[in-house]
>>> print(open('run.txt').read())   # compact mmCIF, C-alpha atoms and all ligand atoms
# COMPACT_ATOMS: atom_id res chain seq x y z
CA MET H 4 306.33 62.17 71.76
CA LYS H 5 309.36 61.48 69.61
CA GLU H 6 308.77 62.53 66.03
CA HIS H 7 308.83 59.77 63.43
CA PRO H 8 310.42 60.06 59.99
CA VAL H 9 307.97 61.84 57.69
CA PRO H 10 307.47 59.62 54.61
CA ALA H 11 308.14 61.18 51.21
CA PRO H 12 305.24 62.95 49.38
CA GLY H 13 305.01 59.90 47.14
CA ASP H 14 304.05 57.81 50.11
CA PHE H 15 300.41 58.05 49.11
CA ASP H 16 301.29 56.18 45.90
CA ARG H 17 303.24 53.52 47.76
CA MET H 18 300.47 53.02 50.32
CA TRP H 19 297.85 52.97 47.59
CA ALA H 20 299.67 50.30 45.61
CA GLU H 21 300.17 48.14 48.70
CA LEU H 22 296.57 48.33 49.89
CA ALA H 23 295.20 47.90 46.36
CA ALA H 24 296.54 44.35 46.36
CA VAL H 25 294.52 43.35 49.46
CA GLY H 26 291.22 41.58 48.79
CA ARG H 27 291.12 42.19 45.03
CA GLY H 28 289.39 39.43 43.02
CA ALA H 29 290.37 38.16 39.59
CA GLU H 30 287.70 40.41 38.09
CA GLY H 31 289.36 43.46 39.63
CA GLY H 32 286.67 44.00 42.27
CA TYR H 33 287.24 44.02 46.02
CA HIS H 34 285.89 41.49 48.54
CA ARG H 35 286.72 43.00 51.90
CA HIS H 36 283.76 42.33 54.17
CA ALA H 37 283.46 42.71 57.93
CA TRP H 38 285.85 40.35 59.73
CA ASN H 39 286.65 38.24 56.67
CA GLY H 40 290.26 37.51 55.72
CA ALA H 41 290.71 40.40 53.31
CA ASP H 42 289.14 42.88 55.73
CA THR H 43 291.37 41.62 58.53
CA GLU H 44 294.41 41.93 56.26
CA ALA H 45 293.47 45.47 55.23
CA ARG H 46 292.95 46.46 58.88
CA ALA H 47 296.34 44.97 59.81
CA TRP H 48 297.93 46.96 56.99
CA PHE H 49 296.37 50.15 58.37
CA VAL H 50 297.60 49.43 61.93
CA GLN H 51 301.13 48.85 60.63
CA GLU H 52 301.14 52.11 58.64
CA ALA H 53 299.71 54.08 61.55
CA CYS H 54 302.23 52.62 64.02
CA ALA H 55 305.07 53.37 61.59
CA ARG H 56 303.97 57.01 61.93
CA GLY H 57 304.03 56.83 65.70
CA LEU H 58 300.23 57.06 65.94
CA ASP H 59 298.65 55.41 68.99
CA VAL H 60 296.26 52.80 67.54
CA ARG H 61 293.26 51.62 69.53
CA THR H 62 290.38 49.30 68.61
CA ASP H 63 287.11 50.43 70.15
CA ARG H 64 284.32 48.19 71.41
CA ASN H 65 282.69 48.05 67.97
CA GLY H 66 285.83 47.13 66.10
CA ASN H 67 286.50 50.62 64.72
CA LEU H 68 290.21 51.47 64.57
CA TRP H 69 291.37 54.85 65.95
CA ALA H 70 294.95 55.98 65.25
CA TRP H 71 295.76 58.94 67.52
CA TRP H 72 298.29 61.73 67.03
CA GLY H 73 298.47 63.28 70.51
CA GLY H 74 295.40 61.61 71.95
CA PRO H 75 292.87 60.27 72.64
CA GLY H 76 291.70 63.49 74.20
CA PRO H 77 288.92 66.08 74.18
CA GLY H 78 288.41 68.53 71.33
CA ALA H 79 289.80 66.08 68.83
CA VAL H 80 289.76 66.45 65.06
CA ALA H 81 288.99 63.12 63.37
CA THR H 82 289.26 62.02 59.77
CA GLY H 83 289.01 58.66 58.04
CA SER H 84 286.54 56.34 56.35
CA HIS H 85 286.23 52.55 55.88
CA LEU H 86 288.22 49.71 54.29
CA ASP H 87 285.40 47.24 53.72
CA SER H 88 283.76 47.01 50.29
CA VAL H 89 280.58 45.88 48.62
CA PRO H 90 280.96 42.49 46.84
CA SER H 91 283.29 43.18 43.88
CA GLY H 92 283.53 46.81 44.90
CA GLY H 93 285.79 49.54 43.64
CA ALA H 94 289.26 50.43 44.96
CA PHE H 95 288.45 53.96 46.10
CA ASP H 96 285.17 53.85 48.07
CA GLY H 97 286.51 53.91 51.63
CA PRO H 98 290.26 53.37 51.13
CA LEU H 99 290.72 56.80 49.54
CA GLY H 100 289.58 58.34 52.84
CA VAL H 101 291.85 56.09 54.91
CA VAL H 102 295.04 56.22 52.82
CA GLY H 103 294.35 59.91 52.17
CA ALA H 104 294.13 60.56 55.91
CA LEU H 105 297.48 58.89 56.60
CA ALA H 106 299.05 60.86 53.74
CA ALA H 107 297.47 64.05 55.10
CA VAL H 108 299.14 63.39 58.47
CA ASP H 109 302.45 63.07 56.60
CA GLU H 110 301.75 66.37 54.86
CA LEU H 111 300.89 68.15 58.12
CA ARG H 112 304.16 66.96 59.60
CA ARG H 113 306.07 67.99 56.51
CA ARG H 114 304.59 71.47 56.88
CA GLY H 115 305.34 71.52 60.61
CA ALA H 116 301.66 72.43 61.05
CA ALA H 117 300.66 73.69 64.52
CA ARG H 118 298.46 71.19 66.30
CA SER H 119 296.61 72.53 69.32
CA ARG H 120 294.54 69.37 69.79
CA PRO H 121 294.48 65.62 69.17
CA LEU H 122 294.02 64.22 65.69
CA ALA H 123 292.53 60.77 65.03
CA VAL H 124 292.55 58.74 61.83
CA VAL H 125 289.60 56.34 62.06
CA VAL H 126 288.63 53.20 60.14
CA PHE H 127 284.97 52.35 60.70
CA ALA H 128 283.87 48.71 60.59
CA GLU H 129 281.30 47.28 58.12
CA GLU H 130 280.33 50.53 56.41
CA GLU H 131 278.93 48.81 53.34
CA GLY H 132 277.00 46.00 54.97
CA GLY H 133 278.44 43.76 52.25
CA ARG H 134 278.47 40.72 54.51
CA PHE H 135 275.71 41.25 57.07
CA GLY H 136 273.34 43.41 55.04
CA LEU H 137 273.13 46.52 57.23
CA PRO H 138 275.26 49.60 56.47
CA CYS H 139 277.53 51.69 58.71
CA LEU H 140 277.42 49.19 61.58
CA GLY H 141 280.69 50.38 63.18
CA SER H 142 279.57 53.99 63.31
CA ARG H 143 275.88 53.24 64.03
CA LEU H 144 276.70 50.94 66.94
CA THR H 145 278.95 53.68 68.34
CA ALA H 146 276.19 56.25 67.87
CA GLY H 147 273.67 53.95 69.56
CA GLU H 148 271.56 53.85 66.40
CA VAL H 149 271.36 50.07 66.07
CA SER H 150 270.89 47.56 68.88
CA PRO H 151 273.89 45.39 69.81
CA GLU H 152 271.62 42.35 70.23
CA ARG H 153 270.30 42.78 66.70
CA VAL H 154 273.79 43.16 65.26
CA ARG H 155 275.18 40.15 67.13
CA GLY H 156 272.45 38.00 65.58
CA LEU H 157 272.85 39.20 61.98
CA THR H 158 273.87 36.33 59.71
CA ASP H 159 275.82 36.27 56.47
CA ALA H 160 275.01 34.07 53.45
CA SER H 161 276.69 31.09 55.12
CA GLY H 162 274.67 31.51 58.33
CA THR H 163 277.65 32.81 60.32
CA THR H 164 276.58 35.44 62.83
CA TRP H 165 278.24 38.82 63.36
CA ALA H 166 279.16 37.61 66.85
CA GLN H 167 280.90 34.47 65.54
CA ALA H 168 282.71 36.39 62.80
CA MET H 169 283.82 39.18 65.14
CA GLU H 170 285.06 36.61 67.69
CA ARG H 171 287.05 34.75 65.02
CA ALA H 172 288.67 38.10 64.18
CA GLY H 173 289.87 38.26 67.78
CA LEU H 174 287.35 40.80 69.07
CA ASP H 175 284.66 40.52 71.75
CA PRO H 176 281.13 40.73 70.32
CA GLU H 177 279.68 40.96 73.84
CA GLY H 178 281.22 44.41 74.19
CA ILE H 179 279.61 46.06 71.16
CA GLY H 180 277.25 48.96 71.78
CA PRO H 181 276.93 52.73 72.20
CA ASP H 182 280.19 54.58 72.86
CA PRO H 183 279.20 58.14 73.84
CA GLU H 184 282.72 58.87 75.13
CA ALA H 185 284.19 58.13 71.70
CA LEU H 186 281.90 60.72 70.15
CA ALA H 187 282.10 63.24 73.01
CA ARG H 188 285.84 63.68 72.55
CA LEU H 189 285.39 64.60 68.86
CA ASP H 190 285.07 68.24 67.96
CA VAL H 191 284.78 67.62 64.23
CA PHE H 192 284.92 64.75 61.70
CA VAL H 193 285.96 65.11 58.05
CA GLU H 194 285.77 62.23 55.54
CA LEU H 195 287.59 62.24 52.21
CA HIS H 196 285.70 60.10 49.69
CA VAL H 197 285.67 59.35 45.99
CA GLU H 198 282.71 61.02 44.32
CA GLN H 199 280.02 58.45 43.48
CA GLY H 200 278.76 60.25 40.42
CA ARG H 201 280.40 62.48 37.88
CA ALA H 202 279.33 66.06 38.76
CA LEU H 203 282.94 67.15 39.37
CA GLU H 204 284.08 65.70 36.04
CA ASP H 205 282.04 68.41 34.32
CA THR H 206 283.91 71.11 36.28
CA PRO H 207 287.58 72.13 36.55
CA HIS H 208 287.53 71.04 40.21
CA PRO H 209 289.32 67.86 41.36
CA VAL H 210 287.82 68.32 44.84
CA GLY H 211 284.29 69.19 45.93
CA VAL H 212 282.43 69.46 49.24
CA ALA H 213 279.42 67.44 50.42
CA GLY H 214 276.12 69.27 50.81
CA THR H 215 273.47 66.68 51.69
CA ILE H 216 272.97 62.90 51.77
CA TRP H 217 269.62 61.75 50.43
CA PRO H 218 267.25 59.93 52.75
CA HIS H 219 267.75 56.25 52.01
CA GLY H 220 267.15 52.79 53.39
CA ARG H 221 267.08 49.03 52.92
CA TRP H 222 264.01 46.79 53.08
CA ARG H 223 263.84 43.01 52.99
CA LEU H 224 261.33 41.48 50.58
CA ASP H 225 260.04 37.98 51.44
CA PHE H 226 257.84 35.86 49.15
CA THR H 227 256.71 32.45 50.44
CA GLY H 228 255.01 30.03 48.04
CA ARG H 229 255.11 26.29 47.64
CA ALA H 230 257.88 24.16 46.17
CA ASP H 231 256.85 21.83 43.38
CA HIS H 232 258.12 19.95 40.34
CA ALA H 233 258.98 22.21 37.41
CA GLY H 234 257.70 19.67 34.90
CA THR H 235 254.59 18.21 36.48
CA ALA H 236 253.02 21.04 38.51
CA LEU H 237 250.20 22.57 36.47
CA LEU H 238 250.61 26.31 35.96
CA GLY H 239 247.17 27.05 37.37
CA GLY H 240 247.85 25.43 40.73
CA ARG H 241 251.31 26.79 41.34
CA ARG H 242 252.26 29.09 44.18
CA ASP H 243 255.49 30.27 42.63
CA PRO H 244 257.18 33.08 44.70
CA MET H 245 259.37 34.01 41.75
CA LEU H 246 256.45 35.62 39.92
CA PRO H 247 255.40 38.22 42.51
CA PHE H 248 259.12 38.80 43.17
CA ALA H 249 259.71 39.60 39.49
CA ARG H 250 256.65 41.85 39.35
CA THR H 251 257.85 43.71 42.47
CA VAL H 252 261.27 44.35 40.96
CA LEU H 253 259.64 45.97 37.93
CA ALA H 254 257.21 47.90 40.13
CA ALA H 255 260.09 49.33 42.18
CA ARG H 256 261.80 50.55 39.05
CA GLU H 257 258.59 52.06 37.66
CA LEU H 258 257.72 53.82 40.96
CA ALA H 259 261.23 55.23 41.34
CA GLY H 260 261.17 56.52 37.76
CA ARG H 261 257.77 58.10 38.26
CA HIS H 262 258.82 59.90 41.47
CA GLY H 263 262.40 60.85 40.57
CA ALA H 264 263.75 58.45 43.19
CA ARG H 265 266.23 55.54 42.93
CA ALA H 266 265.33 51.96 43.78
CA THR H 267 267.36 48.79 43.35
CA VAL H 268 266.43 45.18 44.17
CA ALA H 269 269.40 42.85 44.62
CA ARG H 270 270.96 40.31 47.03
CA VAL H 271 268.37 37.70 45.95
CA GLU H 272 268.14 34.34 47.74
CA VAL H 273 266.03 31.60 46.13
CA ASP H 274 265.26 28.62 48.34
CA PRO H 275 265.60 25.88 47.27
CA ASN H 276 267.51 27.07 44.30
CA GLY H 277 267.09 24.19 41.87
CA THR H 278 266.81 24.18 38.11
CA ASN H 279 263.85 21.80 37.92
CA ALA H 280 261.75 22.83 40.90
CA VAL H 281 259.41 25.70 41.68
CA PRO H 282 261.08 27.38 44.68
CA ALA H 283 259.42 27.69 48.06
CA ARG H 284 260.80 31.07 49.02
CA VAL H 285 262.41 34.13 47.45
CA THR H 286 264.07 36.77 49.64
CA ALA H 287 265.61 39.97 48.27
CA TRP H 288 266.68 43.43 49.41
CA LEU H 289 265.22 46.72 48.22
CA ASP H 290 267.58 49.70 48.36
CA ALA H 291 265.55 52.88 47.93
CA ARG H 292 266.67 56.53 48.02
CA ALA H 293 265.16 59.91 47.24
CA ALA H 294 266.10 63.56 47.67
CA ASP H 295 262.96 63.98 49.76
CA GLY H 296 261.89 61.75 52.66
CA ASP H 297 258.19 61.91 51.74
CA VAL H 298 258.95 60.77 48.21
CA LEU H 299 261.01 57.88 49.59
CA GLU H 300 258.13 56.88 51.83
CA LYS H 301 255.69 57.01 48.90
CA VAL H 302 257.93 54.85 46.71
CA VAL H 303 258.49 52.21 49.42
CA ALA H 304 254.77 52.12 50.25
CA GLY H 305 254.06 51.63 46.56
CA VAL H 306 256.52 48.75 46.39
CA GLY H 307 254.84 47.14 49.40
CA GLU H 308 251.40 47.42 47.78
CA ALA H 309 252.69 46.00 44.50
CA ALA H 310 254.32 43.10 46.31
CA GLU H 311 251.16 42.32 48.24
CA ALA H 312 248.88 42.52 45.19
CA ALA H 313 251.14 40.33 43.06
CA ALA H 314 251.60 37.83 45.89
CA ARG H 315 247.85 37.58 46.43
CA GLU H 316 247.32 36.92 42.74
CA HIS H 317 249.73 33.99 42.89
CA GLY H 318 248.61 32.56 46.24
CA VAL H 319 251.95 33.54 47.76
CA ALA H 320 252.59 35.21 51.13
CA SER H 321 254.68 38.39 51.05
CA ALA H 322 256.34 40.69 53.58
CA VAL H 323 258.28 43.94 53.21
CA THR H 324 260.40 44.62 56.33
CA GLY H 325 262.25 47.88 56.95
CA GLU H 326 265.85 47.00 57.88
CA SER H 327 267.58 50.39 58.03
CA LEU H 328 266.55 53.96 57.32
CA THR H 329 268.77 57.05 57.14
CA PRO H 330 266.91 60.37 57.12
CA LEU H 331 268.15 63.37 55.13
CA VAL H 332 271.65 64.42 56.24
CA GLU H 333 272.44 68.12 55.85
CA PHE H 334 276.08 68.74 56.68
CA PRO H 335 276.31 71.89 58.84
CA GLU H 336 276.47 74.91 56.54
CA GLY H 337 279.07 76.81 58.59
CA LEU H 338 281.53 73.92 58.60
CA ARG H 339 280.78 73.10 54.97
CA ASP H 340 281.40 76.70 53.91
CA ARG H 341 284.60 76.80 55.96
CA LEU H 342 285.89 73.70 54.15
CA ALA H 343 284.89 75.18 50.80
CA ALA H 344 286.78 78.38 51.62
CA VAL H 345 289.91 76.44 52.64
CA VAL H 346 289.73 74.21 49.55
CA ALA H 347 289.08 77.25 47.34
CA ALA H 348 292.51 78.65 48.20
CA ALA H 349 294.09 75.93 46.04
CA ALA H 350 291.13 75.39 43.68
CA PRO H 351 291.00 76.31 39.96
CA THR H 352 288.13 78.75 40.65
CA PRO H 353 286.87 80.15 43.96
CA ARG H 354 283.48 78.46 43.64
CA VAL H 355 284.15 74.95 44.98
CA PRO H 356 281.20 72.68 44.07
CA VAL H 357 278.92 71.68 46.96
CA LEU H 358 277.30 68.38 46.01
CA PRO H 359 274.27 66.37 47.12
CA THR H 360 274.68 62.61 47.07
CA GLY H 361 272.55 59.49 47.15
CA ALA H 362 275.36 57.57 48.85
CA GLY H 363 275.43 56.93 52.58
CA HIS H 364 278.58 57.43 54.64
CA ASP H 365 279.89 57.12 58.19
CA ALA H 366 280.14 60.92 58.10
CA GLY H 367 276.37 60.90 57.60
CA VAL H 368 275.93 58.86 60.77
CA LEU H 369 278.35 60.97 62.79
CA ALA H 370 276.71 64.19 61.54
CA ALA H 371 273.85 63.65 64.00
CA HIS H 372 276.32 63.66 66.91
CA VAL H 373 279.48 65.55 65.83
CA PRO H 374 279.95 68.46 63.39
CA SER H 375 280.87 66.53 60.24
CA ALA H 376 281.84 67.25 56.67
CA MET H 377 283.04 65.49 53.55
CA LEU H 378 285.40 66.20 50.68
CA TYR H 379 284.85 64.44 47.34
CA VAL H 380 287.53 63.56 44.80
CA ARG H 381 286.57 63.65 41.13
CA ASN H 382 285.61 60.33 39.55
CA PRO H 383 285.76 60.42 35.72
CA THR H 384 283.63 57.30 35.33
CA GLY H 385 281.09 58.43 37.93
CA VAL H 386 280.70 54.70 38.67
CA SER H 387 281.00 53.24 42.18
CA HIS H 388 280.40 49.91 43.90
CA SER H 389 282.11 48.41 40.86
CA PRO H 390 285.68 47.80 39.61
CA ARG H 391 285.03 50.68 37.17
CA GLU H 392 285.16 53.20 40.04
CA TRP H 393 288.18 55.44 39.42
CA ALA H 394 290.00 58.64 40.32
CA ARG H 395 293.08 60.08 38.61
CA PRO H 396 296.27 59.89 40.74
CA GLU H 397 296.71 63.66 40.49
CA ASP H 398 293.15 64.18 41.71
CA CYS H 399 293.80 61.83 44.63
CA HIS H 400 296.87 63.90 45.49
CA ALA H 401 294.77 67.07 45.22
CA GLY H 402 292.28 65.43 47.62
CA VAL H 403 295.04 64.67 50.11
CA ALA H 404 296.37 68.21 49.90
CA ALA H 405 292.86 69.61 50.38
CA LEU H 406 292.31 67.33 53.37
CA ALA H 407 295.65 68.44 54.84
CA ASP H 408 294.66 72.09 54.33
CA VAL H 409 291.31 71.50 56.05
CA LEU H 410 292.86 69.55 58.93
CA GLN H 411 295.55 72.20 59.38
CA ASP H 412 292.84 74.86 59.60
CA LEU H 413 290.80 72.83 62.11
CA LEU H 414 293.79 71.78 64.22
CA ALA H 415 294.99 75.34 64.61
CA ARG H 416 291.64 76.59 65.96
O1 LIG H 501 275.23 52.29 50.29
C1 LIG H 501 275.84 53.35 50.36
O2 LIG H 501 275.36 54.38 49.94
C2 LIG H 501 277.20 53.42 50.94
O3 LIG H 501 278.12 53.21 49.93
N1 LIG H 501 277.38 52.48 52.01
MN MN H 502 279.99 52.48 49.29
MN MN H 503 282.04 54.66 51.26
MN MN H 504 262.97 14.22 39.26
>>> encode(input="run.txt", output="structure tokens", more="lines below")
Ligand code: HGY
Ligand code: MN
Ligand code: MN
Ligand code: MN
Amino acid sequence: MKEHPVPAPGDFDRMWAELAAVGRGAEGGYHRHAWNGADTEARAWFVQEACARGLDVRTDRNGNLWAWWGGPGPGAVATGSHLDSVPSGGAFDGPLGVVGALAAVDELRRRGAARSRPLAVVVFAEEEGGRFGLPCLGSRLTAGEVSPERVRGLTDASGTTWAQAMERAGLDPEGIGPDPEALARLDVFVELHVEQGRALEDTPHPVGVAGTIWPHGRWRLDFTGRADHAGTALLGGRRDPMLPFARTVLAARELAGRHGARATVARVEVDPNGTNAVPARVTAWLDARAADGDVLEKVVAGVGEAAEAAAREHGVASAVTGESLTPLVEFPEGLRDRLAAVVAAAAPTPRVPVLPTGAGHDAGVLAAHVPSAMLYVRNPTGVSHSPREWARPEDCHAGVAALADVLQDLLAR
């Protein structure tokens, strides 16, 4: 394959500045959601950058993008992340792992690193579930962990289905589904990601290694009452779904606090959503996470009981429906320790932090099928899923260099 010009070290900064302009709202948050305009623009940007490096870009049946250096082929090393965001998300969650991977390829070429096997830079589709509600759809479809029929029928706030949106983006929704070959050719997957927390900020380390991902999931909360006039309906006779909804939100917070878990209720739909009418229905999403699966189960069961009791008291019907559940992910110790040893060579102290996280990732999905690992880049604010998410440029560069070191080690094996 003819070699392509290796972009200058500063190419990370150029790429970062270019991509940072795609899908950013006036408030500084990002609105890249599966198959919408900004997501399509960001994906096109990635394809252009990958092709400029002579990588062979392919779109798989689930809409994930794979940019191959010497592949596709067996025994591959893969790295990458996602470009989609939560509504008004931060700049780093996802893109740092994609831009960082392209910059790491540049670095490997600059070093003239030996490559005994294929390398893929991958962009997974709909990691956040910002549009269709369910997370990691690109990787979970590929892993056969979510049914294609269910995904095709998912609807966004406007009622557009995944199938319609994917088709409008020029892809075939009828083809989505498990892709065992895509996983079978991978020997290892490494994801570079901004830390979603601030553990590294309290250390001299710009880069850390992932230890575990907490068990976590999403549940839909439905409350069905009876619409009525806000001014004439007597309080006693109302069947107002907003009241058990509100009580359930507080119960979720109280239960999570009591059990050392984390629970969030958001993405609330009130129907009809008038100012002078008691609504008929309230639907919301519970996001619950805990270091221990049994604790998570206890918290979610408690939320269900609270919802039912409050709904009964107000003559309202309620339902709590499990939408997605990710069990505890423990990244393989051997691979994790190997990454830590490689990163330690350039680290301020030999003890590279190994961190647990409450955040889900495509690497967490792949980990059940392919040896997987993650590198975290220090985030001084500790905030994520918000425009306040941040990483220092020099720490991003350190993350790219660490990823290049890790990839060089893996590619040479
Ligand atoms: O929700 C998560 O933890 C991830 O950011 N998708
Ligand atoms: Mn995220
Ligand atoms: Mn992410
Ligand atoms: Mn009226």
>>> residues_near_ligand(input="run.txt", ligand="ligand MN 503 (chain H)", cutoff="9 Å", atoms="only C-alpha atoms and all ligand atoms", output="list in words")
Ser84, His85, Leu86, Asp87, Ser88, Phe95, Asp96, Gly97, Pro98, Gly100, Glu130, Glu131, His196, Val197, Gln199, Ala362, Gly363, His364, Asp365 and His388 of chain H
>>> residues_around(input="run.txt", residues="Glu52 (chain H)", least_positions_apart="3", cutoff="12 Å", atoms="only C-alpha atoms", output="ChimeraX atom specification")
/H:7,9-10,14-15,17-19,21-22,45-49,55-60,70,101-102,104-106,108-109,124
>>> closest_atom_pairs(input="run.txt", of="chain H", to="ligand MN 504 (chain H)", cutoff="9 Å", atoms="all atoms listed in the file", output="Markdown table")
| residue | atom | partner | partner_atom | distance |
| --- | --- | --- | --- | --- |
| H:His232 | CA | H:MN504 | MN | 7.6 |
| H:Gly234 | CA | H:MN504 | MN | 8.7 |
| H:Asn279 | CA | H:MN504 | MN | 7.7 |
| H:Ala280 | CA | H:MN504 | MN | 8.8 |
>>> atom_distance(input="run.txt", atom1="CA of Ala233 (chain H)", atom2="CA of Phe248 (chain H)")
17.6 Å
>>> atom_distance(input="run.txt", atom1="CA of Val345 (chain H)", atom2="CA of Ala81 (chain H)")
17.1 Å
>>> closest_residue(input="run.txt", among="H:Leu338, H:Gly136, H:Ala53, H:Asp159", to="Trp288 (chain H)", atoms="all atoms listed in the file")
H:Gly136
>>> residues_around(input="run.txt", residues="Glu30 (chain H)", least_positions_apart="5", cutoff="12 Å", atoms="all atoms listed in the file", output="number ranges by chain")
H: 90-93, 389-391
>>> residues_around(input="run.txt", residues="Val380 (chain H)", least_positions_apart="3", cutoff="6 Å", atoms="all atoms listed in the file", output="MDAnalysis selection string")
chainID H and resid 197:198 209:210 402
>>> closest_residue(input="run.txt", among="H:Arg112, H:Arg120, H:Arg153, H:Lys301", to="Phe135 (chain H)", atoms="only C-alpha atoms")
H:Arg153
>>> residues_around(input="run.txt", residues="Pro247 (chain H)", least_positions_apart="5", cutoff="12 Å", atoms="all atoms listed in the file", output="count of residues only")
30
>>> atom_distance(input="run.txt", atom1="CA of Ala23 (chain H)", atom2="CA of Cys54 (chain H)")
19.6 Å
>>> closest_residue(input="run.txt", among="H:Ala350, H:Ala29, H:Cys139, H:Val212", to="ligand MN 502 (chain H)", atoms="only C-alpha atoms and all ligand atoms")
H:Cys139
>>> build_atoms(input="run.txt", residues="region 318-333 of chain H", atoms="N, CA and C atoms", output="mmCIF file, in the frame of the given file")
data_model
loop_
_atom_site.group_PDB
_atom_site.id
_atom_site.type_symbol
_atom_site.label_atom_id
_atom_site.label_comp_id
_atom_site.auth_asym_id
_atom_site.auth_seq_id
_atom_site.Cartn_x
_atom_site.Cartn_y
_atom_site.Cartn_z
ATOM 1 N N GLY H 318 248.782 33.430 45.062
ATOM 2 C CA GLY H 318 248.610 32.560 46.240
ATOM 3 C C GLY H 318 249.873 32.439 47.051
ATOM 4 N N VAL H 319 250.638 33.530 47.062
ATOM 5 C CA VAL H 319 251.950 33.540 47.760
ATOM 6 C C VAL H 319 251.857 34.541 48.916
ATOM 7 N N ALA H 320 252.530 34.241 50.010
ATOM 8 C CA ALA H 320 252.590 35.210 51.130
ATOM 9 C C ALA H 320 253.758 36.167 50.870
ATOM 10 N N SER H 321 253.575 37.425 51.254
ATOM 11 C CA SER H 321 254.680 38.390 51.050
ATOM 12 C C SER H 321 254.853 39.228 52.298
ATOM 13 N N ALA H 322 256.061 39.751 52.470
ATOM 14 C CA ALA H 322 256.340 40.690 53.580
ATOM 15 C C ALA H 322 257.428 41.653 53.135
ATOM 16 N N VAL H 323 257.253 42.923 53.482
ATOM 17 C CA VAL H 323 258.280 43.940 53.210
ATOM 18 C C VAL H 323 258.706 44.482 54.579
ATOM 19 N N THR H 324 259.958 44.244 54.961
ATOM 20 C CA THR H 324 260.400 44.620 56.330
ATOM 21 C C THR H 324 261.481 45.698 56.260
ATOM 22 N N GLY H 325 261.240 46.810 56.909
ATOM 23 C CA GLY H 325 262.250 47.880 56.950
ATOM 24 C C GLY H 325 263.447 47.440 57.764
ATOM 25 N N GLU H 326 264.650 47.481 57.167
ATOM 26 C CA GLU H 326 265.850 47.000 57.880
ATOM 27 C C GLU H 326 266.728 48.156 58.350
ATOM 28 N N SER H 327 266.800 49.220 57.558
ATOM 29 C CA SER H 327 267.580 50.390 58.030
ATOM 30 C C SER H 327 267.087 51.604 57.264
ATOM 31 N N LEU H 328 267.035 52.732 57.961
ATOM 32 C CA LEU H 328 266.550 53.960 57.320
ATOM 33 C C LEU H 328 267.417 55.127 57.780
ATOM 34 N N THR H 329 267.956 55.856 56.799
ATOM 35 C CA THR H 329 268.770 57.050 57.140
ATOM 36 C C THR H 329 268.016 58.280 56.654
ATOM 37 N N PRO H 330 267.610 59.147 57.558
ATOM 38 C CA PRO H 330 266.910 60.370 57.120
ATOM 39 C C PRO H 330 267.880 61.310 56.402
ATOM 40 N N LEU H 331 267.340 62.371 55.840
ATOM 41 C CA LEU H 331 268.150 63.370 55.130
ATOM 42 C C LEU H 331 269.294 63.836 56.040
ATOM 43 N N VAL H 332 270.513 63.860 55.493
ATOM 44 C CA VAL H 332 271.650 64.420 56.240
ATOM 45 C C VAL H 332 272.015 65.738 55.585
ATOM 46 N N GLU H 333 271.974 66.817 56.368
ATOM 47 C CA GLU H 333 272.440 68.120 55.850
ATOM 48 C C GLU H 333 273.706 68.472 56.620
#
